[in-house]
Amino acid sequence: MQLQLISFVLIILHCMDYTGCQHSSSRHRQLKQLSGVSSGCQQVGCLTCSDYNGCLSCKSRFFIHLIRNGMKQIGVCLTSCPAGFFGIRSPERNTCTKCRPECDSCFNKNFCLRCRTGFYLHQGKCQEICPEGLVRSDTQRECVPKCPAECELCVNSEACTRCRQGLYQLNGRCHHVCPEDYEPNDKLMQCVPQVHCEVAEWSEWSPCSRSSGTRGFRRCQETRTRQVQQYPSPFGRPCPEISETKCLVKRRKAGRRKGDRKERRKNNCKENPEVRREKNRERPRARDTGGREESRNKTEHRHRRGHDPDPTSPGGLVQ
């Protein structure tokens with residue numbers, strides 16, 4: 001019985017020694033992993049690393065950033081710090097440091113660039129309540145000047161950068177109806193300058209083309225055009241007529257002959273006076289010559305009648 005008890009105690013002591021050895025060996029391996037430096041770092045930018053904690057130091061110009069994974073932190077090397085962190089450079093190492101809790105991104109520990117939801121940026125600080133004269137902008141997460149009623153965003157109390165729905169922005173003002181010489185642009189929601197139509201000069205009239213005719217006259221058309229140089233915008237001045245046609249009425253050829261006679265008659269009036277007097281003297285001579293010729297013909301006719309009496313008359317009967 002005693003031998004059995006002694007054997008049992010020895011077995012327990014042996015097991016305790018074995019467990020302690022196992023635990024000691026495991027802890028030694030972990031310490032070796034933590035303190036050991038691997039020369040075969042696969043991660044970009046790592047100068048030294050361990051299999052358990054990742055990068056331990058980074059190459060020049062890289063920032064070391066610690067990522068928490070439960071109770072463990074894993075080091076990575078980055079060229080710039082992620083959102084919510086800012087970089088600090090030193091001769092020993094470059095590190096990424098977390099911004100203040102209310103900052104979404106920051107330049108350093110005391111200057112925020114963008115605030116988290118519920119906070120509003122003003123002069124590098126994230127505040128829940130904006131100073132007097134400023135209002136909160138949920139889209140920008142900033143304290144902005146109080147805008148006029150028609151503005152959605154503004155630079156100050158007089159200059160709008162974006163108008164409320166249905167209004168058009170022009171030079172920092174919001175309009176229901178655009179001023180003169182401007183028209184609304186529904187895509188930009190702005191008043192833009194109107195564009196008016198511009199046309200070139202008229203061309204020369206085209207040759208006359210015959211279209212129809214009446215007795216003694218003919219009708220024809222002549223046309224001229226001009227080019228559009230600038231087409232108008234929807235509300236600009238429209239283009240004028242770019243084509244014109246005129247109808248002409250001209251005399252036919254007979255009209256031209258009559259006109260030629262008039263022209264000849266007109267030219268006769270311009271003859272030399274001496275020539276005209278000579279023609280006037282020749283006209284009576286022609287009339288006298290014609291009269292004497294006619295008288296001589298009548299005398300000869302009577303003479304023939306005297307020698308050749310008509311047989312049917314009483315004096316002409318044969319005895």
# chains A, B, ... in the order shown; residues from 1 in each chain; ligands from 1
>>> select_by_dssp(residues="segment 35-271 of chain A", states="helix (DSSP H, G or I)", output="VMD selection string")
chain A and resid 35 253 to 268
>>> residues_around(residues="segment 78-92 of chain A", least_positions_apart="4", cutoff="7 Å", atoms="only C-alpha atoms", output="MDAnalysis selection string")
chainID A and resid 61:64 96:99 103:108
>>> residues_around(residues="segment 153-165 of chain A", least_positions_apart="3", cutoff="12 Å", atoms="only C-alpha atoms", output="PyMOL selection string")
chain A and resi 133-140+142-150+168-176+186+188-191
>>> closest_residue(among="A:Cys151, A:Phe235, A:Cys46, A:Cys208", to="Val192 of chain A", atoms="only C-alpha atoms")
A:Phe235
>>> atom_distance(atom1="atom CA of His196 of chain A", atom2="atom CA of Arg237 of chain A")
4.8 Å
>>> atom_distance(atom1="atom CA of Val199 of chain A", atom2="atom CA of Glu180 of chain A")
22.5 Å
>>> atom_distance(atom1="atom CA of Gln230 of chain A", atom2="atom CA of Glu198 of chain A")
4.8 Å
>>> closest_residue(among="A:Lys109, A:Leu167, A:Ile67, A:Arg219", to="Glu152 of chain A", atoms="only C-alpha atoms")
A:Leu167
>>> closest_residue(among="A:Gly118, A:Gln42, A:Ile74, A:Asn69", to="Leu56 of chain A", atoms="only C-alpha atoms")
A:Ile74
>>> closest_residue(among="A:Lys246, A:Arg116, A:Lys187, A:Val44", to="Cys77 of chain A", atoms="only C-alpha atoms")
A:Val44
>>> select_by_dssp(residues="segment 26-171 of chain A", states="strand (DSSP E)", output="JSON, numbers by chain")
{"A": [46, 47, 48, 49, 50, 54, 55, 56, 57, 58, 63, 64, 65, 66, 67, 68, 69, 72, 73, 74, 75, 76, 77, 78, 85, 86, 87, 88, 95, 96, 97, 98, 103, 104, 105, 106, 107, 108, 111, 112, 113, 114, 115, 120, 121, 122, 125, 126, 127, 134, 135, 136, 137, 142, 143, 144, 145, 151, 152, 153, 154, 160, 161, 162, 163, 168, 169, 170]}
